[in-house]
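One structure below.
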Amino acid sequence: MNLFRMGSKPLGIERITTFLEDNYVSIGYPGIGDLENLSTEELRDRLIGTYQYSELELTQHLRALQLFVHTMQDGDYVLVADGDWVHLGDLGDYFYNEFTDNVDEGTCHRRGVTWLKSVPISELNTGVRELFNQSAPVVQYNGPKPSARLDLWITGVSANEQEVNSPLELDEETLSKALNILKDALICDDSERRERAAIAILQYAK
């Protein structure tokens with residue numbers, strides 16, 4: 001389980017609304033074709049053949065593409081800033097959309113996203129918030145990783161500072177009732193209610 005921070009402006013065009021509505025993120029880089037199953041050298045050759053990067057720029061852009069295409073995995077998490085807020089999503093597999101492989105759209109390299117929650121950037125724990133001080137299009141979080149679900153962990157104090165104290169001891173009957181409520185909430189039409197119910201039960205039960 002890994003966490004990444006991505007920008008929302010492939011080719012310098014703000015795409016956050018499209019990312020949220022259509023449930024994907026994109027890194028840009030049109031003109032280099034489908035990148036699935038390419039080696040690092042093949043990625044490098046395609047960048048050299050398409051873009052006029054200096055050696056330093058080439059290294060930086062190659063690193064970003066490697067993270068997006070090779071390092072990210074289905075089930076990892078992504079954070080995307082939206083003004084003073086940040087959206088957290090569960091990543092899917094890499095896929096290539098040839099119809100947007102042009103300089104007007106430039107969103108051909110994509111990963112599907114299930115958006116989970118939105119929080120103010122100021123509420124992120126310190127280590128995660130530092131990801132937004134970096135300018136690269138993709139950044140991987142390399143700090144302490146949580147033992148529980150990451151989407152319950154990113155706010156508040158950092159993982160190594162956190163002390164988990166349950167305010168309520170649940171007996172089996174109460175826990176059973178709560179889980180039944182959770183099951184009902186998970187199939188309702190209100191996504192915010194589904195999220196709140198799941199978070200509340202997991203926080204008490206862990």
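Residues in the structure tokens are numbered from 1 in each chain, the chains being A, B, ... in the order shown, and ligands are numbered from 1 in the order shown.
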
Just the residues within 7 Å of region 91-97 of chain A, please, counting only C-alpha atoms, with nothing from its chain fewer than 3 positions along; format it as a PDB file with all heavy atoms, in the first residue's frame.
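Writing done, so here's result_26.pdb:
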```pdb
ATOM      1  N   ASP A  34       1.284   4.143 -26.138  1.00  0.00           N
ATOM      2  CA  ASP A  34       0.946   3.299 -24.988  1.00  0.00           C
ATOM      3  C   ASP A  34       2.227   2.889 -24.273  1.00  0.00           C
ATOM      4  O   ASP A  34       3.163   2.378 -24.883  1.00  0.00           O
ATOM      5  CB  ASP A  34       0.199   2.067 -25.497  1.00  0.00           C
ATOM      6  CG  ASP A  34      -0.419   1.237 -24.381  1.00  0.00           C
ATOM      7  OD1 ASP A  34      -0.065   1.444 -23.205  1.00  0.00           O
ATOM      8  OD2 ASP A  34      -1.260   0.376 -24.688  1.00  0.00           O
ATOM      9  N   VAL A  69       3.540   4.851 -14.344  1.00  0.00           N
ATOM     10  CA  VAL A  69       3.275   3.646 -15.141  1.00  0.00           C
ATOM     11  C   VAL A  69       3.680   2.369 -14.414  1.00  0.00           C
ATOM     12  O   VAL A  69       2.951   1.374 -14.435  1.00  0.00           O
ATOM     13  CB  VAL A  69       4.003   3.732 -16.504  1.00  0.00           C
ATOM     14  CG1 VAL A  69       3.785   2.453 -17.314  1.00  0.00           C
ATOM     15  CG2 VAL A  69       3.513   4.944 -17.291  1.00  0.00           C
ATOM     16  N   GLN A  73       0.418   0.959  -8.230  1.00  0.00           N
ATOM     17  CA  GLN A  73      -0.256  -0.315  -8.411  1.00  0.00           C
ATOM     18  C   GLN A  73      -1.733  -0.177  -8.063  1.00  0.00           C
ATOM     19  O   GLN A  73      -2.128   0.717  -7.306  1.00  0.00           O
ATOM     20  CB  GLN A  73       0.375  -1.394  -7.516  1.00  0.00           C
ATOM     21  CG  GLN A  73       1.837  -1.659  -7.786  1.00  0.00           C
ATOM     22  CD  GLN A  73       2.096  -2.264  -9.148  1.00  0.00           C
ATOM     23  OE1 GLN A  73       1.315  -3.102  -9.621  1.00  0.00           O
ATOM     24  NE2 GLN A  73       3.171  -1.861  -9.806  1.00  0.00           N
ATOM     25  N   ASP A  74      -2.529  -1.055  -8.625  1.00  0.00           N
ATOM     26  CA  ASP A  74      -3.946  -1.115  -8.282  1.00  0.00           C
ATOM     27  C   ASP A  74      -4.088  -1.273  -6.770  1.00  0.00           C
ATOM     28  O   ASP A  74      -3.486  -2.159  -6.178  1.00  0.00           O
ATOM     29  CB  ASP A  74      -4.581  -2.304  -9.007  1.00  0.00           C
ATOM     30  CG  ASP A  74      -6.071  -2.436  -8.746  1.00  0.00           C
ATOM     31  OD1 ASP A  74      -6.689  -1.463  -8.284  1.00  0.00           O
ATOM     32  OD2 ASP A  74      -6.622  -3.523  -9.009  1.00  0.00           O
ATOM     33  N   GLY A  75      -4.851  -0.388  -6.127  1.00  0.00           N
ATOM     34  CA  GLY A  75      -5.024  -0.447  -4.682  1.00  0.00           C
ATOM     35  C   GLY A  75      -4.180   0.543  -3.912  1.00  0.00           C
ATOM     36  O   GLY A  75      -4.384   0.723  -2.710  1.00  0.00           O
ATOM     37  N   ASP A  76      -3.214   1.182  -4.589  1.00  0.00           N
ATOM     38  CA  ASP A  76      -2.478   2.270  -3.951  1.00  0.00           C
ATOM     39  C   ASP A  76      -3.382   3.493  -3.843  1.00  0.00           C
ATOM     40  O   ASP A  76      -4.486   3.524  -4.380  1.00  0.00           O
ATOM     41  CB  ASP A  76      -1.220   2.616  -4.756  1.00  0.00           C
ATOM     42  CG  ASP A  76      -0.112   1.594  -4.577  1.00  0.00           C
ATOM     43  OD1 ASP A  76      -0.142   0.841  -3.587  1.00  0.00           O
ATOM     44  OD2 ASP A  76       0.796   1.541  -5.438  1.00  0.00           O
ATOM     45  N   TYR A  77      -2.868   4.540  -3.165  1.00  0.00           N
ATOM     46  CA  TYR A  77      -3.655   5.748  -2.948  1.00  0.00           C
ATOM     47  C   TYR A  77      -3.013   6.951  -3.620  1.00  0.00           C
ATOM     48  O   TYR A  77      -1.789   7.021  -3.754  1.00  0.00           O
ATOM     49  CB  TYR A  77      -3.793   6.031  -1.449  1.00  0.00           C
ATOM     50  CG  TYR A  77      -4.664   5.046  -0.715  1.00  0.00           C
ATOM     51  CD1 TYR A  77      -4.126   3.869  -0.188  1.00  0.00           C
ATOM     52  CD2 TYR A  77      -6.032   5.276  -0.542  1.00  0.00           C
ATOM     53  CE1 TYR A  77      -4.923   2.959   0.489  1.00  0.00           C
ATOM     54  CE2 TYR A  77      -6.827   4.376   0.135  1.00  0.00           C
ATOM     55  CZ  TYR A  77      -6.274   3.217   0.652  1.00  0.00           C
ATOM     56  OH  TYR A  77      -7.064   2.318   1.321  1.00  0.00           O
ATOM     57  N   VAL A  78      -3.860   7.911  -4.022  1.00  0.00           N
ATOM     58  CA  VAL A  78      -3.373   9.134  -4.635  1.00  0.00           C
ATOM     59  C   VAL A  78      -4.043  10.337  -3.983  1.00  0.00           C
ATOM     60  O   VAL A  78      -5.217  10.275  -3.596  1.00  0.00           O
ATOM     61  CB  VAL A  78      -3.639   9.144  -6.158  1.00  0.00           C
ATOM     62  CG1 VAL A  78      -5.133   9.168  -6.477  1.00  0.00           C
ATOM     63  CG2 VAL A  78      -2.927  10.302  -6.832  1.00  0.00           C
ATOM     64  N   THR A 100      -7.346  10.725 -26.699  1.00  0.00           N
ATOM     65  CA  THR A 100      -6.901  11.981 -26.094  1.00  0.00           C
ATOM     66  C   THR A 100      -5.385  12.143 -26.196  1.00  0.00           C
ATOM     67  O   THR A 100      -4.802  12.968 -25.494  1.00  0.00           O
ATOM     68  CB  THR A 100      -7.330  12.070 -24.616  1.00  0.00           C
ATOM     69  OG1 THR A 100      -6.765  10.973 -23.886  1.00  0.00           O
ATOM     70  CG2 THR A 100      -8.850  12.031 -24.485  1.00  0.00           C
ATOM     71  N   ASP A 101      -4.768  11.385 -27.102  1.00  0.00           N
ATOM     72  CA  ASP A 101      -3.321  11.492 -27.307  1.00  0.00           C
ATOM     73  C   ASP A 101      -3.039  12.604 -28.309  1.00  0.00           C
ATOM     74  O   ASP A 101      -2.705  12.369 -29.474  1.00  0.00           O
ATOM     75  CB  ASP A 101      -2.749  10.168 -27.799  1.00  0.00           C
ATOM     76  CG  ASP A 101      -1.228  10.136 -27.741  1.00  0.00           C
ATOM     77  OD1 ASP A 101      -0.630  11.205 -27.488  1.00  0.00           O
ATOM     78  OD2 ASP A 101      -0.647   9.055 -27.936  1.00  0.00           O
ATOM     79  N   CYS A 108      -3.906  11.121 -22.240  1.00  0.00           N
ATOM     80  CA  CYS A 108      -3.922   9.752 -22.769  1.00  0.00           C
ATOM     81  C   CYS A 108      -3.409   8.714 -21.788  1.00  0.00           C
ATOM     82  O   CYS A 108      -3.839   7.557 -21.820  1.00  0.00           O
ATOM     83  CB  CYS A 108      -3.118   9.683 -24.061  1.00  0.00           C
ATOM     84  SG  CYS A 108      -1.519  10.518 -23.986  1.00  0.00           S
ATOM     85  N   HIS A 109      -2.488   9.091 -20.910  1.00  0.00           N
ATOM     86  CA  HIS A 109      -1.953   8.148 -19.920  1.00  0.00           C
ATOM     87  C   HIS A 109      -2.756   8.305 -18.633  1.00  0.00           C
ATOM     88  O   HIS A 109      -2.689   9.343 -17.977  1.00  0.00           O
ATOM     89  CB  HIS A 109      -0.467   8.407 -19.678  1.00  0.00           C
ATOM     90  CG  HIS A 109       0.328   8.414 -20.952  1.00  0.00           C
ATOM     91  ND1 HIS A 109       0.463   7.304 -21.749  1.00  0.00           N
ATOM     92  CD2 HIS A 109       0.994   9.421 -21.580  1.00  0.00           C
ATOM     93  CE1 HIS A 109       1.192   7.603 -22.807  1.00  0.00           C
ATOM     94  NE2 HIS A 109       1.525   8.885 -22.735  1.00  0.00           N
ATOM     95  N   ARG A 110      -3.507   7.282 -18.275  1.00  0.00           N
ATOM     96  CA  ARG A 110      -4.481   7.416 -17.191  1.00  0.00           C
ATOM     97  C   ARG A 110      -4.418   6.252 -16.206  1.00  0.00           C
ATOM     98  O   ARG A 110      -3.950   5.161 -16.530  1.00  0.00           O
ATOM     99  CB  ARG A 110      -5.907   7.474 -17.762  1.00  0.00           C
ATOM    100  CG  ARG A 110      -6.164   8.605 -18.738  1.00  0.00           C
ATOM    101  CD  ARG A 110      -7.625   8.625 -19.170  1.00  0.00           C
ATOM    102  NE  ARG A 110      -7.918   9.760 -20.041  1.00  0.00           N
ATOM    103  CZ  ARG A 110      -9.139  10.124 -20.404  1.00  0.00           C
ATOM    104  NH1 ARG A 110     -10.192   9.441 -19.963  1.00  0.00           N
ATOM    105  NH2 ARG A 110      -9.321  11.169 -21.195  1.00  0.00           N
ATOM    106  N   ARG A 111      -4.926   6.536 -15.027  1.00  0.00           N
ATOM    107  CA  ARG A 111      -5.261   5.505 -14.050  1.00  0.00           C
ATOM    108  C   ARG A 111      -6.638   5.816 -13.497  1.00  0.00           C
ATOM    109  O   ARG A 111      -6.932   6.963 -13.136  1.00  0.00           O
ATOM    110  CB  ARG A 111      -4.239   5.464 -12.903  1.00  0.00           C
ATOM    111  CG  ARG A 111      -2.949   4.738 -13.265  1.00  0.00           C
ATOM    112  CD  ARG A 111      -2.005   4.615 -12.094  1.00  0.00           C
ATOM    113  NE  ARG A 111      -0.821   3.848 -12.449  1.00  0.00           N
ATOM    114  CZ  ARG A 111      -0.709   2.525 -12.363  1.00  0.00           C
ATOM    115  NH1 ARG A 111      -1.743   1.816 -11.913  1.00  0.00           N
ATOM    116  NH2 ARG A 111       0.392   1.901 -12.712  1.00  0.00           N
ATOM    117  N   GLY A 112      -7.487   4.796 -13.443  1.00  0.00           N
ATOM    118  CA  GLY A 112      -8.790   4.975 -12.837  1.00  0.00           C
ATOM    119  C   GLY A 112      -8.651   5.249 -11.349  1.00  0.00           C
ATOM    120  O   GLY A 112      -7.692   4.817 -10.717  1.00  0.00           O
ATOM    121  N   VAL A 113      -9.608   6.002 -10.793  1.00  0.00           N
ATOM    122  CA  VAL A 113      -9.581   6.345  -9.376  1.00  0.00           C
ATOM    123  C   VAL A 113     -10.975   6.214  -8.778  1.00  0.00           C
ATOM    124  O   VAL A 113     -11.958   6.674  -9.371  1.00  0.00           O
ATOM    125  CB  VAL A 113      -9.093   7.793  -9.141  1.00  0.00           C
ATOM    126  CG1 VAL A 113      -9.098   8.127  -7.651  1.00  0.00           C
ATOM    127  CG2 VAL A 113      -7.712   8.011  -9.714  1.00  0.00           C
ATOM    128  N   THR A 114     -11.072   5.586  -7.626  1.00  0.00           N
ATOM    129  CA  THR A 114     -12.278   5.636  -6.808  1.00  0.00           C
ATOM    130  C   THR A 114     -12.029   6.689  -5.734  1.00  0.00           C
ATOM    131  O   THR A 114     -11.210   6.487  -4.831  1.00  0.00           O
ATOM    132  CB  THR A 114     -12.559   4.274  -6.147  1.00  0.00           C
ATOM    133  OG1 THR A 114     -12.740   3.284  -7.169  1.00  0.00           O
ATOM    134  CG2 THR A 114     -13.824   4.343  -5.282  1.00  0.00           C
TER     135      THR A 114
END
```

Could you pull out the helix (DSSP H, G or I) residues of region 8-187 of chain A, going by DSSP on the backbone, and write them as a ChimeraX atom specification?
/A:10-12,16-22,40-50,55-71,98-100,121-123,126-133,150-152,172-185

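Residues in contact with Gly12 (chain A) at up to 10 Å, not including ones fewer than 3 positions away on its chain and judged by only C-alpha atoms, are Gly7, Ser8, Lys9, Arg15, Gly28 and Gly106 of chain A.
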
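If you count only C-alpha atoms and ignore residues fewer than 3 places along the chain from His61 (chain A), what sits within 12 Å of it is Ile27, Gly28, Tyr29, Thr40, Leu43, Arg44, Arg46, Leu47, Ile48, Tyr51, Gln52, Tyr53, Ser54, Glu55, Leu56, Glu57, Leu58, Ala64, Leu65, Gln66, Leu67, Phe68, Ser135, Ala136, Pro137, Val138 and Val139 of chain A.
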
For the residues in that selection, give me N, CA and C atoms as a PDB file, in the first residue's frame.
```pdb
ATOM      1  N   ILE A  27      -1.253  12.000 -16.295  1.00  0.00           N
ATOM      2  CA  ILE A  27       0.042  12.657 -16.116  1.00  0.00           C
ATOM      3  C   ILE A  27       0.438  13.499 -17.323  1.00  0.00           C
ATOM      4  N   GLY A  28      -0.311  13.410 -18.423  1.00  0.00           N
ATOM      5  CA  GLY A  28       0.052  14.156 -19.626  1.00  0.00           C
ATOM      6  C   GLY A  28       0.956  13.352 -20.546  1.00  0.00           C
ATOM      7  N   TYR A  29       1.971  14.023 -21.148  1.00  0.00           N
ATOM      8  CA  TYR A  29       2.940  13.406 -22.052  1.00  0.00           C
ATOM      9  C   TYR A  29       2.297  12.761 -23.283  1.00  0.00           C
ATOM     10  N   THR A  40      12.383   0.800 -18.851  1.00  0.00           N
ATOM     11  CA  THR A  40      12.851   2.156 -18.597  1.00  0.00           C
ATOM     12  C   THR A  40      13.576   2.719 -19.812  1.00  0.00           C
ATOM     13  N   LEU A  43      11.040   3.727 -22.412  1.00  0.00           N
ATOM     14  CA  LEU A  43      10.412   4.980 -22.005  1.00  0.00           C
ATOM     15  C   LEU A  43      11.334   6.162 -22.313  1.00  0.00           C
ATOM     16  N   ARG A  44      12.587   6.011 -21.986  1.00  0.00           N
ATOM     17  CA  ARG A  44      13.577   7.066 -22.216  1.00  0.00           C
ATOM     18  C   ARG A  44      13.683   7.387 -23.708  1.00  0.00           C
ATOM     19  N   ARG A  46      11.475   6.982 -26.029  1.00  0.00           N
ATOM     20  CA  ARG A  46      10.268   7.664 -26.529  1.00  0.00           C
ATOM     21  C   ARG A  46      10.255   9.132 -26.129  1.00  0.00           C
ATOM     22  N   LEU A  47      10.702   9.425 -24.912  1.00  0.00           N
ATOM     23  CA  LEU A  47      10.775  10.827 -24.478  1.00  0.00           C
ATOM     24  C   LEU A  47      11.787  11.597 -25.327  1.00  0.00           C
ATOM     25  N   ILE A  48      12.951  11.005 -25.567  1.00  0.00           N
ATOM     26  CA  ILE A  48      13.987  11.656 -26.374  1.00  0.00           C
ATOM     27  C   ILE A  48      13.479  11.914 -27.789  1.00  0.00           C
ATOM     28  N   TYR A  51      10.286  14.837 -27.145  1.00  0.00           N
ATOM     29  CA  TYR A  51      10.449  16.099 -26.430  1.00  0.00           C
ATOM     30  C   TYR A  51      11.919  16.535 -26.430  1.00  0.00           C
ATOM     31  N   GLN A  52      12.106  17.827 -26.438  1.00  0.00           N
ATOM     32  CA  GLN A  52      13.462  18.398 -26.453  1.00  0.00           C
ATOM     33  C   GLN A  52      13.904  18.744 -25.031  1.00  0.00           C
ATOM     34  N   TYR A  53      14.084  17.727 -24.205  1.00  0.00           N
ATOM     35  CA  TYR A  53      14.480  17.937 -22.818  1.00  0.00           C
ATOM     36  C   TYR A  53      15.996  17.989 -22.685  1.00  0.00           C
ATOM     37  N   SER A  54      16.447  18.789 -21.718  1.00  0.00           N
ATOM     38  CA  SER A  54      17.854  18.702 -21.319  1.00  0.00           C
ATOM     39  C   SER A  54      18.046  17.385 -20.574  1.00  0.00           C
ATOM     40  N   GLU A  55      19.285  17.029 -20.291  1.00  0.00           N
ATOM     41  CA  GLU A  55      19.542  15.764 -19.596  1.00  0.00           C
ATOM     42  C   GLU A  55      18.894  15.747 -18.223  1.00  0.00           C
ATOM     43  N   LEU A  56      18.957  16.874 -17.503  1.00  0.00           N
ATOM     44  CA  LEU A  56      18.331  16.961 -16.186  1.00  0.00           C
ATOM     45  C   LEU A  56      16.823  16.853 -16.295  1.00  0.00           C
ATOM     46  N   GLU A  57      16.227  17.558 -17.255  1.00  0.00           N
ATOM     47  CA  GLU A  57      14.770  17.489 -17.452  1.00  0.00           C
ATOM     48  C   GLU A  57      14.349  16.080 -17.836  1.00  0.00           C
ATOM     49  N   LEU A  58      15.140  15.447 -18.688  1.00  0.00           N
ATOM     50  CA  LEU A  58      14.824  14.086 -19.112  1.00  0.00           C
ATOM     51  C   LEU A  58      14.785  13.143 -17.917  1.00  0.00           C
ATOM     52  N   ALA A  64       9.054  10.657 -13.281  1.00  0.00           N
ATOM     53  CA  ALA A  64       7.612  10.839 -13.111  1.00  0.00           C
ATOM     54  C   ALA A  64       6.832   9.752 -13.852  1.00  0.00           C
ATOM     55  N   LEU A  65       7.224   9.460 -15.085  1.00  0.00           N
ATOM     56  CA  LEU A  65       6.533   8.431 -15.859  1.00  0.00           C
ATOM     57  C   LEU A  65       6.728   7.042 -15.255  1.00  0.00           C
ATOM     58  N   GLN A  66       7.918   6.767 -14.748  1.00  0.00           N
ATOM     59  CA  GLN A  66       8.160   5.472 -14.102  1.00  0.00           C
ATOM     60  C   GLN A  66       7.244   5.295 -12.890  1.00  0.00           C
ATOM     61  N   LEU A  67       7.112   6.360 -12.099  1.00  0.00           N
ATOM     62  CA  LEU A  67       6.220   6.283 -10.939  1.00  0.00           C
ATOM     63  C   LEU A  67       4.788   6.015 -11.378  1.00  0.00           C
ATOM     64  N   PHE A  68       4.337   6.739 -12.382  1.00  0.00           N
ATOM     65  CA  PHE A  68       2.940   6.638 -12.815  1.00  0.00           C
ATOM     66  C   PHE A  68       2.644   5.299 -13.491  1.00  0.00           C
ATOM     67  N   SER A 135       7.410  20.104  -6.679  1.00  0.00           N
ATOM     68  CA  SER A 135       6.832  20.535  -7.953  1.00  0.00           C
ATOM     69  C   SER A 135       6.688  19.424  -8.985  1.00  0.00           C
ATOM     70  N   ALA A 136       7.267  18.261  -8.749  1.00  0.00           N
ATOM     71  CA  ALA A 136       7.190  17.171  -9.721  1.00  0.00           C
ATOM     72  C   ALA A 136       5.739  16.758  -9.953  1.00  0.00           C
ATOM     73  N   PRO A 137       5.400  16.308 -11.169  1.00  0.00           N
ATOM     74  CA  PRO A 137       4.012  15.918 -11.452  1.00  0.00           C
ATOM     75  C   PRO A 137       3.523  14.732 -10.626  1.00  0.00           C
ATOM     76  N   VAL A 138       4.452  13.865 -10.211  1.00  0.00           N
ATOM     77  CA  VAL A 138       4.107  12.729  -9.351  1.00  0.00           C
ATOM     78  C   VAL A 138       5.175  12.604  -8.273  1.00  0.00           C
ATOM     79  N   VAL A 139       4.739  12.446  -7.025  1.00  0.00           N
ATOM     80  CA  VAL A 139       5.666  12.265  -5.909  1.00  0.00           C
ATOM     81  C   VAL A 139       5.172  11.098  -5.059  1.00  0.00           C
TER      82      VAL A 139
END
```

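Taking CA of Thr17 (chain A) as the reference point, CA of Thr155 (chain A) is found at 23.1 Å.
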
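The residue that comes closest to Ile154 (chain A), out of A:Glu42, A:Thr50, A:Asp184, A:Leu3 and on the basis of only C-alpha atoms, is A:Leu3.
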
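Nearest to Tyr141 (chain A) of all the residues A:Pro120, A:Gly127, A:Gly31, A:Gly89 is A:Gly127, based on only C-alpha atoms.
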
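Among the candidates A:Ala81, A:Thr107, A:Asp22, A:Glu14, the one nearest to Leu131 (chain A) when counting only C-alpha atoms is A:Ala81.
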
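For the choices A:Ile32, A:Leu88, A:Ile13, A:Ile121, the atom-to-atom distance to Asn133 (chain A) is smallest for A:Ile121 when using only C-alpha atoms.
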
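Residues in contact with Leu20 (chain A) at 8 Å, where only C-alpha atoms are counted and same-chain residues fewer than 4 positions away are skipped, are listed as A:Ile16, A:Tyr24, A:Trp115.
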
Minimum-distance residue to Thr71 (chain A), chosen among A:Val86, A:Met1, A:Ile181, A:Leu186 (using only C-alpha atoms)
A:Met1

Residue nearest Lys117 (chain A) - candidates A:Arg5, A:Arg194, A:Arg129, A:Lys183, atoms counted: only C-alpha atoms:
A:Arg194

Would you compute the distance between CA of Leu35 (chain A) and CA of His70 (chain A)? Give it in Å to one decimal.
9.4 Å
